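Student: Input coords_25.txt, format and content: compact mmCIF, C-alpha atoms.
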```txt
# COMPACT_ATOMS: atom_id res chain seq x y z
CA MET I 1 -12.20 -24.15 -4.94
CA ALA I 2 -8.84 -22.58 -5.81
CA GLN I 3 -6.45 -21.84 -2.96
CA LYS I 4 -4.98 -18.34 -2.48
CA LEU I 5 -1.21 -18.63 -2.62
CA GLY I 6 1.52 -16.11 -1.68
CA VAL I 7 4.80 -16.64 -3.55
CA THR I 8 8.01 -14.59 -3.42
CA VAL I 9 10.41 -15.06 -6.34
CA ARG I 10 13.95 -13.69 -6.39
CA THR I 11 15.17 -13.21 -9.97
CA ASN I 12 17.85 -11.67 -12.11
CA ALA I 13 17.09 -8.06 -13.06
CA GLY I 14 15.97 -6.95 -16.50
CA PRO I 15 13.05 -6.45 -18.90
CA GLY I 16 10.98 -9.53 -19.72
CA VAL I 17 11.38 -11.30 -16.36
CA LEU I 18 7.77 -10.69 -15.34
CA HIS I 19 6.63 -12.00 -18.74
CA GLN I 20 8.45 -15.29 -18.15
CA LEU I 21 7.13 -15.69 -14.59
CA THR I 22 3.53 -14.91 -15.56
CA GLY I 23 3.81 -17.39 -18.44
CA VAL I 24 4.68 -20.21 -16.06
CA ILE I 25 1.89 -19.19 -13.67
CA ALA I 26 -0.66 -19.11 -16.54
CA GLN I 27 0.50 -22.57 -17.72
CA GLN I 28 -0.30 -23.90 -14.25
CA GLY I 29 -3.79 -22.36 -14.46
CA GLY I 30 -2.98 -19.74 -11.82
CA ASP I 31 -4.99 -16.49 -11.74
CA ILE I 32 -2.75 -13.67 -10.47
CA THR I 33 -4.67 -11.36 -8.12
CA SER I 34 -1.77 -9.23 -6.87
CA VAL I 35 1.85 -8.42 -7.74
CA GLU I 36 4.41 -6.43 -5.76
CA ILE I 37 7.89 -5.74 -7.08
CA GLY I 38 10.46 -5.11 -4.34
CA GLY I 39 14.12 -4.15 -4.32
CA GLU I 40 13.73 -1.78 -7.28
CA GLY I 41 17.01 -1.34 -9.11
CA ALA I 42 18.59 -4.21 -7.18
CA ALA I 43 20.60 -6.92 -8.92
CA GLU I 44 18.12 -9.50 -7.58
CA PRO I 45 14.63 -8.02 -7.40
CA ARG I 46 12.00 -9.86 -5.33
CA ILE I 47 8.64 -10.25 -7.01
CA TYR I 48 5.69 -11.21 -4.85
CA PHE I 49 2.55 -12.79 -6.34
CA GLU I 50 -0.86 -13.62 -4.89
CA ILE I 51 -2.33 -16.37 -7.03
CA ASP I 52 -5.64 -18.26 -7.11
CA LEU I 53 -4.34 -21.72 -7.92
CA PRO I 54 -6.55 -24.72 -8.69
CA ALA I 55 -3.54 -27.11 -8.88
CA GLU I 56 -0.83 -28.24 -6.45
CA SER I 57 1.47 -25.44 -5.28
CA ASP I 58 4.46 -27.82 -5.51
CA LEU I 59 4.11 -28.02 -9.29
CA LEU I 60 4.06 -24.25 -9.63
CA VAL I 61 7.08 -23.81 -7.37
CA GLU I 62 9.02 -26.41 -9.34
CA ALA I 63 8.08 -24.83 -12.69
CA LEU I 64 9.17 -21.38 -11.47
CA ARG I 65 12.47 -22.78 -10.14
CA ALA I 66 13.14 -24.32 -13.57
CA LEU I 67 13.36 -20.85 -15.18
CA PRO I 68 16.99 -19.75 -15.68
CA VAL I 69 16.25 -16.18 -14.48
CA VAL I 70 14.88 -17.46 -11.15
CA ARG I 71 17.23 -17.54 -8.14
CA GLN I 72 14.85 -18.49 -5.33
CA VAL I 73 11.16 -19.30 -4.81
CA GLU I 74 9.44 -19.13 -1.43
CA LEU I 75 5.82 -19.65 -0.31
CA VAL I 76 4.74 -16.87 2.08
CA GLN I 77 1.62 -15.62 3.84
CA THR I 78 -0.43 -13.33 1.62
CA LEU I 79 -0.43 -9.56 2.25
CA GLN I 80 -4.23 -9.90 2.47
CA LEU I 81 -3.70 -12.17 5.50
CA ILE I 82 -1.04 -9.90 7.06
CA TYR I 83 -2.25 -6.33 6.41
CA GLY I 84 -5.88 -7.02 5.42
CA LYS I 85 -8.35 -4.33 4.40
CA ARG I 86 -7.15 -0.75 4.15
CA VAL I 87 -8.77 2.45 5.39
CA ILE I 88 -7.33 5.37 3.38
CA ILE I 89 -7.43 8.82 5.04
CA MET I 90 -6.44 11.98 3.15
CA GLY I 91 -6.64 15.72 3.62
CA GLY I 92 -5.22 18.27 6.05
CA GLY I 93 -2.62 17.11 8.58
CA ALA I 94 -4.61 18.21 11.65
CA GLN I 95 -7.78 16.38 10.60
CA VAL I 96 -6.02 13.34 9.12
CA GLY I 97 -4.22 12.82 12.45
CA GLN I 98 -7.45 12.89 14.47
CA VAL I 99 -9.30 10.57 12.09
CA ALA I 100 -6.29 8.23 12.23
CA ILE I 101 -6.44 8.15 16.05
CA GLY I 102 -10.06 6.98 15.88
CA ALA I 103 -9.49 4.50 13.07
CA ILE I 104 -6.34 2.97 14.61
CA SER I 105 -8.01 2.52 18.02
CA GLU I 106 -11.01 0.84 16.42
CA ALA I 107 -8.88 -1.31 14.09
CA ASP I 108 -6.90 -2.43 17.15
CA ARG I 109 -10.11 -3.73 18.74
CA HIS I 110 -11.04 -5.71 15.63
CA ASN I 111 -7.52 -6.98 14.92
CA ILE I 112 -7.32 -8.35 18.49
CA ARG I 113 -10.34 -10.45 17.56
CA GLY I 114 -8.50 -11.90 14.57
CA GLU I 115 -9.23 -9.41 11.79
CA ARG I 116 -6.61 -7.50 9.84
CA ILE I 117 -7.38 -3.84 9.14
CA SER I 118 -4.70 -1.28 8.20
CA VAL I 119 -5.06 2.50 8.45
CA ASP I 120 -3.17 4.37 5.73
CA THR I 121 -2.94 8.14 5.44
CA ILE I 122 -1.55 10.98 3.38
CA PRO I 123 -1.67 14.67 4.31
CA LEU I 124 -2.16 16.68 1.13
CA VAL I 125 -2.98 20.24 0.12
CA GLY I 126 -4.68 21.49 -3.05
CA GLU I 127 -7.71 20.54 -5.13
CA GLN I 128 -5.85 18.81 -7.94
CA ALA I 129 -3.47 16.88 -5.67
CA LEU I 130 -6.41 15.61 -3.64
CA ALA I 131 -8.55 14.76 -6.68
CA ASP I 132 -5.65 12.79 -8.17
CA ALA I 133 -5.13 10.96 -4.88
CA VAL I 134 -8.84 10.13 -4.59
CA ARG I 135 -8.88 8.66 -8.12
CA ALA I 136 -5.67 6.72 -7.42
CA VAL I 137 -7.28 4.93 -4.43
CA ALA I 138 -8.96 2.72 -7.06
CA ARG I 139 -5.45 1.50 -7.96
CA LEU I 140 -4.40 0.70 -4.38
CA PRO I 141 -4.67 -2.97 -3.46
CA ARG I 142 -7.04 -3.89 -0.60
CA ALA I 143 -8.44 -0.33 -0.24
CA SER I 144 -11.94 -0.66 1.29
CA VAL I 145 -12.94 2.81 2.50
CA LEU I 146 -11.73 6.36 1.86
CA VAL I 147 -12.05 9.12 4.47
CA LEU I 148 -11.90 12.78 3.37
CA ALA I 149 -10.46 14.70 6.31
CA GLY I 150 -10.19 18.44 5.75
CA ALA I 151 -11.84 21.83 6.24
CA ILE I 152 -12.86 22.51 2.61
CA MET I 153 -13.01 20.21 -0.41
CA GLY I 154 -14.95 20.57 -3.64
CA GLY I 155 -14.69 20.97 -7.41
CA ASP I 156 -12.73 18.17 -9.02
CA ILE I 157 -12.45 16.38 -5.65
CA GLU I 158 -16.25 15.99 -5.68
CA ARG I 159 -16.12 14.52 -9.21
CA ALA I 160 -13.32 12.14 -8.18
CA VAL I 161 -15.39 10.97 -5.17
CA ARG I 162 -18.35 10.17 -7.42
CA GLU I 163 -16.05 8.23 -9.78
CA VAL I 164 -14.50 6.02 -7.10
CA ARG I 165 -17.89 5.41 -5.46
CA ALA I 166 -19.17 4.22 -8.86
CA GLN I 167 -16.27 1.73 -8.81
CA GLY I 168 -17.51 0.32 -5.50
CA LEU I 169 -15.39 2.23 -2.95
CA LEU I 170 -17.04 3.42 0.27
CA VAL I 171 -16.40 7.13 1.00
CA VAL I 172 -16.78 8.85 4.38
CA SER I 173 -16.31 12.63 4.67
CA LEU I 174 -15.87 14.97 7.58
CA ASN I 175 -18.56 17.63 7.82
CA MET I 176 -16.76 20.51 6.07
CA ALA I 177 -17.09 23.36 3.57
CA GLY I 178 -17.31 22.64 -0.14
CA SER I 179 -19.27 20.19 -2.28
CA ALA I 180 -17.25 17.00 -1.65
CA PRO I 181 -19.06 15.87 1.56
CA GLU I 182 -22.41 15.80 -0.29
CA ALA I 183 -20.91 13.25 -2.72
CA ALA I 184 -19.88 10.86 0.09
CA ASP I 185 -21.74 7.84 1.52
CA LEU I 186 -21.54 9.24 5.05
CA ILE I 187 -20.79 12.64 6.62
CA VAL I 188 -19.40 12.73 10.18
CA THR I 189 -18.58 15.87 12.19
CA ASP I 190 -16.24 14.47 14.86
CA PRO I 191 -12.98 13.26 13.25
CA VAL I 192 -12.31 10.55 15.85
CA GLN I 193 -15.82 9.18 15.34
CA ALA I 194 -15.34 9.36 11.55
CA GLY I 195 -12.29 7.11 11.92
CA VAL I 196 -14.11 4.68 14.21
CA MET I 197 -17.19 4.48 11.96
CA SER I 198 -15.07 3.91 8.83
CA VAL I 199 -13.42 0.89 10.43
CA MET I 200 -16.75 -0.43 11.76
CA ALA I 201 -18.20 -0.15 8.26
CA ILE I 202 -15.62 -2.54 6.76
CA ALA I 203 -14.97 -4.84 9.75
CA ASP I 204 -16.24 -8.41 9.56
CA THR I 205 -16.39 -8.57 13.36
CA ALA I 206 -18.79 -5.60 13.54
CA SER I 207 -22.54 -5.91 12.93
CA PHE I 208 -22.59 -2.25 11.80
CA THR I 209 -23.22 -1.50 8.11
CA LEU I 210 -23.92 1.85 6.48
CA GLY I 211 -27.09 0.43 4.91
CA ARG I 212 -28.66 0.01 8.34
CA LEU I 213 -28.25 3.69 9.29
CA SER I 214 -31.40 5.80 9.10
CA ARG I 215 -29.43 8.98 8.39
CA ARG I 216 -26.14 9.74 6.66
CA VAL I 217 -25.05 12.93 8.45
CA PHE I 218 -23.67 12.79 12.04
CA MET L 219 17.31 8.12 -19.77
CA ALA L 220 14.11 6.05 -19.63
CA GLN L 221 10.93 7.84 -18.62
CA LYS L 222 8.76 6.53 -15.77
CA LEU L 223 5.30 5.82 -17.14
CA GLY L 224 2.02 5.11 -15.34
CA VAL L 225 -0.45 3.07 -17.42
CA THR L 226 -3.88 1.72 -16.47
CA VAL L 227 -5.23 -1.10 -18.64
CA ARG L 228 -8.81 -2.38 -18.46
CA THR L 229 -9.02 -5.99 -19.68
CA ASN L 230 -11.23 -9.04 -19.87
CA ALA L 231 -10.91 -11.28 -16.81
CA GLY L 232 -9.08 -14.62 -16.77
CA PRO L 233 -5.73 -16.38 -16.37
CA GLY L 234 -2.99 -15.43 -18.80
CA VAL L 235 -3.99 -11.78 -19.25
CA LEU L 236 -0.99 -10.48 -17.30
CA HIS L 237 1.27 -12.71 -19.39
CA GLN L 238 0.00 -11.12 -22.61
CA LEU L 239 0.32 -7.57 -21.28
CA THR L 240 3.84 -8.09 -19.93
CA GLY L 241 4.83 -9.64 -23.26
CA VAL L 242 3.87 -6.48 -25.14
CA ILE L 243 5.63 -4.30 -22.56
CA ALA L 244 8.82 -6.40 -22.84
CA GLN L 245 8.69 -6.19 -26.66
CA GLN L 246 8.72 -2.40 -26.34
CA GLY L 247 11.78 -2.61 -24.07
CA GLY L 248 9.80 -1.54 -20.99
CA ASP L 249 11.07 -2.46 -17.52
CA ILE L 250 8.07 -2.96 -15.19
CA THR L 251 8.79 -1.52 -11.73
CA SER L 252 5.31 -1.84 -10.21
CA VAL L 253 2.01 -3.63 -10.84
CA GLU L 254 -1.34 -3.18 -9.08
CA ILE L 255 -4.36 -5.28 -9.94
CA GLY L 256 -7.66 -3.59 -9.10
CA GLY L 257 -11.29 -4.66 -9.30
CA GLU L 258 -10.54 -8.22 -8.16
CA GLY L 259 -13.18 -10.62 -9.38
CA ALA L 260 -14.70 -7.97 -11.67
CA ALA L 261 -15.59 -8.74 -15.28
CA GLU L 262 -13.16 -6.01 -16.36
CA PRO L 263 -10.21 -5.84 -13.99
CA ARG L 264 -7.98 -2.75 -14.11
CA ILE L 265 -4.26 -3.43 -14.13
CA TYR L 266 -1.91 -0.57 -13.35
CA PHE L 267 1.76 -0.63 -14.38
CA GLU L 268 4.71 1.62 -13.64
CA ILE L 269 7.20 1.16 -16.45
CA ASP L 270 10.68 2.50 -17.19
CA LEU L 271 10.33 3.02 -20.93
CA PRO L 272 13.19 4.01 -23.26
CA ALA L 273 10.84 4.31 -26.28
CA GLU L 274 7.82 6.46 -27.14
CA SER L 275 4.80 5.87 -24.90
CA ASP L 276 2.49 6.14 -27.95
CA LEU L 277 3.93 2.95 -29.42
CA LEU L 278 3.37 1.05 -26.17
CA VAL L 279 -0.19 2.31 -25.80
CA GLU L 280 -0.96 1.32 -29.40
CA ALA L 281 0.56 -2.14 -28.94
CA LEU L 282 -1.44 -2.73 -25.75
CA ARG L 283 -4.66 -1.56 -27.44
CA ALA L 284 -4.05 -4.05 -30.25
CA LEU L 285 -4.43 -7.01 -27.83
CA PRO L 286 -7.91 -8.59 -28.09
CA VAL L 287 -8.21 -8.91 -24.27
CA VAL L 288 -7.63 -5.17 -23.79
CA ARG L 289 -10.68 -2.90 -23.44
CA GLN L 290 -9.06 0.43 -22.57
CA VAL L 291 -5.58 1.91 -22.04
CA GLU L 292 -4.96 5.15 -20.17
CA LEU L 293 -1.78 7.03 -19.19
CA VAL L 294 -1.95 8.16 -15.53
CA GLN L 295 0.25 9.76 -12.89
CA THR L 296 2.41 7.20 -11.08
CA LEU L 297 1.56 6.15 -7.51
CA GLN L 298 5.12 7.21 -6.65
CA LEU L 299 4.18 10.76 -7.69
CA ILE L 300 0.83 10.67 -5.86
CA TYR L 301 1.50 8.80 -2.61
CA GLY L 302 5.32 8.88 -2.54
CA LYS L 303 7.43 7.30 0.17
CA ARG L 304 5.71 5.33 2.91
CA VAL L 305 6.28 5.36 6.67
CA ILE L 306 4.96 2.07 8.10
CA ILE L 307 3.94 2.09 11.79
CA MET L 308 2.97 -1.12 13.61
CA GLY L 309 2.30 -2.28 17.16
CA GLY L 310 -0.19 -1.45 19.91
CA GLY L 311 -3.13 0.80 19.06
CA ALA L 312 -2.36 3.42 21.72
CA GLN L 313 1.26 3.86 20.62
CA VAL L 314 0.60 3.51 16.88
CA GLY L 315 -1.94 6.34 17.12
CA GLN L 316 0.49 8.70 18.85
CA VAL L 317 3.35 7.92 16.44
CA ALA L 318 0.91 8.49 13.56
CA ILE L 319 -0.02 11.93 14.93
CA GLY L 320 3.64 12.96 14.88
CA ALA L 321 4.38 11.40 11.49
CA ILE L 322 1.25 12.84 9.79
CA SER L 323 1.94 16.37 11.12
CA GLU L 324 5.52 16.22 9.91
CA ALA L 325 4.58 14.67 6.54
CA ASP L 326 2.06 17.50 6.10
CA ARG L 327 4.85 20.07 6.46
CA HIS L 328 6.99 18.31 3.84
CA ASN L 329 4.13 17.59 1.44
CA ILE L 330 3.17 21.28 1.48
CA ARG L 331 6.67 21.93 0.14
CA GLY L 332 6.07 19.55 -2.76
CA GLU L 333 7.08 16.17 -1.36
CA ARG L 334 4.84 13.14 -1.15
CA ILE L 335 5.07 11.12 2.06
CA SER L 336 2.33 8.68 3.22
CA VAL L 337 1.91 7.35 6.77
CA ASP L 338 0.57 3.79 6.88
CA THR L 339 -0.27 1.90 10.06
CA ILE L 340 -1.52 -1.40 11.42
CA PRO L 341 -2.36 -2.12 15.06
CA LEU L 342 -1.36 -5.71 15.82
CA VAL L 343 -0.95 -7.97 18.84
CA GLY L 344 1.31 -11.00 19.26
CA GLU L 345 4.93 -11.88 18.54
CA GLN L 346 4.31 -13.96 15.42
CA ALA L 347 1.77 -11.58 13.86
CA LEU L 348 4.20 -8.69 14.33
CA ALA L 349 7.23 -10.63 13.09
CA ASP L 350 5.30 -11.64 9.95
CA ALA L 351 4.21 -8.05 9.39
CA VAL L 352 7.78 -6.75 9.84
CA ARG L 353 9.09 -9.24 7.26
CA ALA L 354 6.22 -8.38 4.86
CA VAL L 355 7.23 -4.68 4.84
CA ALA L 356 9.97 -5.76 2.41
CA ARG L 357 7.16 -6.68 0.00
CA LEU L 358 5.31 -3.36 0.29
CA PRO L 359 5.98 -0.94 -2.56
CA ARG L 360 7.54 2.44 -1.65
CA ALA L 361 8.10 1.49 2.05
CA SER L 362 11.01 3.63 3.32
CA VAL L 363 10.97 3.42 7.11
CA LEU L 364 9.34 1.11 9.69
CA VAL L 365 8.39 2.30 13.18
CA LEU L 366 7.87 -0.25 15.96
CA ALA L 367 5.32 1.27 18.34
CA GLY L 368 4.54 -0.89 21.36
CA ALA L 369 5.32 -1.58 25.00
CA ILE L 370 7.18 -4.89 24.58
CA MET L 371 8.64 -6.54 21.48
CA GLY L 372 11.29 -9.21 21.18
CA GLY L 373 12.06 -12.78 20.06
CA ASP L 374 11.20 -13.36 16.43
CA ILE L 375 10.32 -9.67 16.00
CA GLU L 376 13.96 -8.83 16.73
CA ARG L 377 15.12 -11.35 14.11
CA ALA L 378 12.65 -9.95 11.58
CA VAL L 379 13.94 -6.40 12.23
CA ARG L 380 17.52 -7.50 11.56
CA GLU L 381 16.41 -9.19 8.32
CA VAL L 382 14.58 -6.15 6.89
CA ARG L 383 17.40 -3.82 7.91
CA ALA L 384 19.80 -6.09 6.00
CA GLN L 385 17.52 -5.53 2.98
CA GLY L 386 18.01 -1.76 3.31
CA LEU L 387 14.93 -0.71 5.30
CA LEU L 388 15.34 1.94 8.01
CA VAL L 389 13.84 0.88 11.38
CA VAL L 390 12.90 3.22 14.26
CA SER L 391 11.67 1.77 17.57
CA LEU L 392 10.00 3.29 20.59
CA ASN L 393 11.96 2.86 23.80
CA MET L 394 10.25 -0.25 25.20
CA ALA L 395 10.73 -3.62 26.90
CA GLY L 396 12.12 -6.55 24.93
CA SER L 397 15.05 -7.06 22.56
CA ALA L 398 13.55 -5.51 19.40
CA PRO L 399 14.56 -1.86 20.08
CA GLU L 400 18.22 -2.83 20.29
CA ALA L 401 18.00 -4.19 16.73
CA ALA L 402 16.67 -0.87 15.35
CA ASP L 403 18.57 2.02 13.75
CA LEU L 404 17.13 4.53 16.20
CA ILE L 405 15.33 4.34 19.58
CA VAL L 406 12.99 7.18 20.57
CA THR L 407 11.06 7.48 23.84
CA ASP L 408 8.36 10.01 22.91
CA PRO L 409 5.97 8.49 20.32
CA VAL L 410 5.11 11.83 18.66
CA GLN L 411 8.81 12.61 18.28
CA ALA L 412 9.40 9.09 16.90
CA GLY L 413 6.85 9.80 14.17
CA VAL L 414 8.36 13.21 13.39
CA MET L 415 11.94 11.87 13.28
CA SER L 416 10.94 8.95 11.02
CA VAL L 417 9.49 11.35 8.46
CA MET L 418 12.49 13.70 8.74
CA ALA L 419 14.81 10.74 8.12
CA ILE L 420 13.26 9.96 4.72
CA ALA L 421 12.22 13.46 3.58
CA ASP L 422 14.13 15.05 0.71
CA THR L 423 13.20 18.52 1.99
CA ALA L 424 14.87 17.85 5.39
CA SER L 425 18.60 18.16 5.97
CA PHE L 426 18.31 15.60 8.81
CA THR L 427 19.82 12.14 8.32
CA LEU L 428 20.33 9.39 10.89
CA GLY L 429 24.00 9.19 9.95
CA ARG L 430 24.58 12.71 11.29
CA LEU L 431 23.24 11.89 14.78
CA SER L 432 25.87 11.42 17.49
CA ARG L 433 23.63 9.05 19.47
CA ARG L 434 20.89 6.59 18.56
CA VAL L 435 18.74 6.63 21.74
CA PHE L 436 16.45 9.61 22.52
```
Would you encode the structure as structure tokens?
Tutor:
Amino acid sequence: MAQKLGVTVRTNAGPGVLHQLTGVIAQQGGDITSVEIGGEGAAEPRIYFEIDLPAESDLLVEALRALPVVRQVELVQTLQLIYGKRVIIMGGGAQVGQVAIGAISEADRHNIRGERISVDTIPLVGEQALADAVRAVARLPRASVLVLAGAIMGGDIERAVREVRAQGLLVVSLNMAGSAPEAADLIVTDPVQAGVMSVMAIADTASFTLGRLSRRVF
Amino acid sequence: MAQKLGVTVRTNAGPGVLHQLTGVIAQQGGDITSVEIGGEGAAEPRIYFEIDLPAESDLLVEALRALPVVRQVELVQTLQLIYGKRVIIMGGGAQVGQVAIGAISEADRHNIRGERISVDTIPLVGEQALADAVRAVARLPRASVLVLAGAIMGGDIERAVREVRAQGLLVVSLNMAGSAPEAADLIVTDPVQAGVMSVMAIADTASFTLGRLSRRVF
């Protein structure tokens, strides 16, 4: 079984650097599962990789260090280990705040027992802005569940919800006006409870799963 | 001036794919500023790039499509445009929730005026877990300000705060026990106000900056 490795590489700036680094990682048989580029515009950007590596990490570190563009290589804990699964909450500020309160309290209880669950939010207004943000959740690393927190959502937001659900994302919606709630996996009226249930649904330390519920509107 | 491009590429799975894609992007003179790998373990992973591109985007799209491993290429809005700057809040669940309420309400007011500010949180317990999470903020894309929200933080957390500040991150701390607050840019007693001030400090639509404050403890 391959090990999951976190590696931070400090390099010289410029086009083509990522191509060189990924070449070395591919040579070592590493499968890159995540990349984060930090220090944008800096003279020495830091590039962070999560890699499934069947071989010795020492060999990979040595091979990366041998590249002339590389300044420093460091093994680090993976972001998966540090920030874990992500709950994404979006919609109106008033509702997003209340759902966040529920989700953060519940995540706290699971994280104390050794899990890692993050609660990430964005207050947004407007059908197109929200539909774009819903679709973009599919591009966010470690996103596990999306909560729609507003007073009315429909139209293209509903279509976006169906698209991301088809890609495997769990979607919880507040009970609200518009057609978007009907497209969600679960509809919850109380925002604090919606936050709590969303965390329970993705937590490994909870025995709760949406599949075991006998109804989907609360 | 190079344009900032968002591109989603659906590919076959397997090691070396990223190396091929980045090779094509480098050939076109593109500077990759962000990468997100979605659909981990799927037969057709989606890889999202943000690229500073001096040339025509059509040429890049054509060149990517010409790779045998590539199934689909799509131009999309960048995550910077959709989710924008990130406020990161970490610490105890009770405090994190209250800081989030303030930050989300204030972000709502700025986002309504056309900005994009996200509020991301993780409730965590323990000196080492928190110190690791503070250091890892430097690896999170678009992170602009960190808020320490707890009742006591010190030791290695303080060292981690000094390290990320040296890398250019803004750090706000609640007024609490321990040595960590003293290492922050700003200390705020009321958690809701701490959330509001953190958003104001990074918002383009606010005239507030930390540099204009005559004191750093509130």
Student: Quick one: pull the distance between atom CA of Leu60 of chain I and atom CA of Leu282 of chain L, Å, one decimal.
Tutor: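 Atom CA of Leu282 of chain L lies 27.4 Å from atom CA of Leu60 of chain I.
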Student: Counting all atoms listed in the file, what is within 6 Å of segment 230-244 of chain L, bar same-chain residues fewer than 5 positions away, as a list in words?
Tutor: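 Residues meeting the cut-off are Pro15, Gly16, His19, Thr22, Gly23, Ala26 and Asp31 of chain I; Ala261, Glu262 and Val287 of chain L.
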Student: Compute the chain L side of the contact with chain I at 6 Å, counting only C-alpha atoms, and hand it back as a VMD selection string.
Tutor: chain L and resid 233 to 234 237 240 to 241 244 249 252 to 253 255 to 256 311 315 319 322 to 323 326 336 to 341 357
Student: One number please: atom CA of Arg377 of chain L to atom CA of Ala398 of chain L, in Å, one decimal.
Tutor: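 That distance, rounded to one decimal, is 8.0 Å.
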Student: Quick one, how far is atom CA of Met394 of chain L from atom CA of Asp374 of chain L?
Tutor: 15.8 Å
